[in-house]
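Undergrad: So that we are looking at the same thing, I have put the structure below in structure tokens.
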Amino acid sequence: MSLQCGIVGLPNVGKSTLFSALSSAKAEAANYPFCTIEPNVGVVEVPDERLQVLEGLVKPQKLVPTIVEIVDIAGLVRGASKGQGLGNQFLANIREVDAIIHVVRCFSDDNIVHVEGRVNPVSDKEIIDLELQLKDLESIEKKFSRVEKAARVGDAKAKVELDILNRVKSALLQGKSVRAVGLSEEEKATIADLQLLTIKPVIYVANVDENSILTGNEYVEQLKAAIAEESAQVIVLCAAIESQIAEMEDPDERSLFLGEYGLSESGLNKLIKASYAILNLITYFTAGVKEVRAWTIQRGWKAPQAAGVIHTDFERGFIRAEVIKLTDYAQYKTEAGCREAGKISVEGKEYVVQDGDIMHFRFNV
């Protein structure tokens with residue numbers, strides 16, 4: 001599954017530094033370095049300690065982690081919704097991503113000029129929110145009259161859609177993003193054709209100075225208060241420090257460096273994991289001597305859908321899935337050991353795959 005998170009932010013907030021850190025980061029757990037697809041698109045491994053547990057047990061020839069694509073989207077300025085700066089490019093790029101990583105400056109530094117002339121994370125957030133909200137409002141208004149006319153003549157489907165559009169429009173006019181409206185998945189699907197920008201899930205990255213990595217600061221608290229309605233996550237990191245960590249190839253050197261700052265893992269790792277989670281993704285594994293691989297699926301998928309990620313024939317000819325829990329695999333050491341202990345469950349088409357399942361599919365085409 002090719003899923004993308006777009007990094008957005010005002011100029012000089014640390015957005016490009018963060019993307020550069022990601023682009024030079026070496027995989028901590030497996031030999032899968034970040035690679036660049038285009039100048040502003042890269043693929044980064046999702047850190048997963050479970051993969052290393054399986055590697056130690058199975059000792060495969062190859063280890064393949066799951067990935068997320070990261071897109072460095074052009075910087076935004078006031079008036080982007082009207083085409084100012086690189087506004088049109090920015091808005092076109094953001095439509096294509098599945099989730100947003102919004103970098104907000106939460107540090108003071110006289111040597112780094114702020115595009116607005118002052119450090120104010122709430123105002124910075126609101127500038128970008130406003131531009132995206134204005135574009136969403138434009139999209140809704142284009143469709144509104146047509147749906148309203150259909151609803152007036154008794155079209156039941158149009159009535160439902162009009163109610164959703166009214167709720168969304170009202171929120172936007174109040175300066176709220178669509179994700180704060182609390183739409184159900186079914187309601188989101190009803191207006192999916194609009195490709196609304198502010199409906200996308202978001203992670204806020206509070207880019208702080210190195211003294212605030214552990215405790216945060218007043219800017220971080222202001223940002224957290226401002227996003228309370230969105231139920232969004234805030235990742236606190238120092239992009240400058242992350243750049244240094246990313247350049248360290250030796251895991252021991254990296255661990256020592258992290259320890260000096262009182263950190264157990266890098267901020268980038270936390271960000272990548274959060275990006276994966278916010279997309280409502282989970283991982284299942286296949287394990288054999290030739291390869292141990294992590295596979296990405298949507299939470300809630302059933303076994304045949306999960307099998308289809310490997311190959312469409314697996315889904316089309318699905319018979320059953322044999323499932324081992326990682327804790328059992330770790331205890332009994334091998335698939336054969338799990339089988340002897342009765343720890344392999346046989347599941348049918350209605351089985352909902354759980355995060356961390358180790359699976360083997362039986363199929364016939």
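Residue numbering restarts at 1 for every chain of the structure tokens, chains are lettered A, B, ... in their displayed order, and ligands are numbered from 1 as they appear.
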Env of segment 233-235 of chain A: 7 Å cut, atoms = only C-alpha atoms, seq-sep filter 5 positions within chain, self excluded. Answer as a count of residues only.

TA: 5

Undergrad: Among the residues of segment 213-290 of chain A, find those DSSP assigns to helix (DSSP H, G or I) from the backbone and print them as a PyMOL selection string.

TA: chain A and resi 218-226+228-230+239-246+251-260+267-278

Undergrad: Of the candidates A:Phe107, A:Phe19, A:Phe257, A:Phe144, which shows the shortest atom-to-atom distance to Val236 of chain A, using only C-alpha atoms?

TA: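 Of all the options, A:Phe107 lies closest to Val236 of chain A.
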
Undergrad: Would you mind listing what lies within 10 Å of Leu263 of chain A as an MDAnalysis selection string, with only C-alpha atoms counted and same-chain residues fewer than 5 positions away left out?

TA: chainID A and resid 213:214 255:258

Undergrad: Quick one: residues within 6 Å of Cys5 of chain A, only C-alpha atoms counted, chain neighbours fewer than 3 positions away excluded, as a PyMOL selection string?

TA: chain A and resi 70+97-100
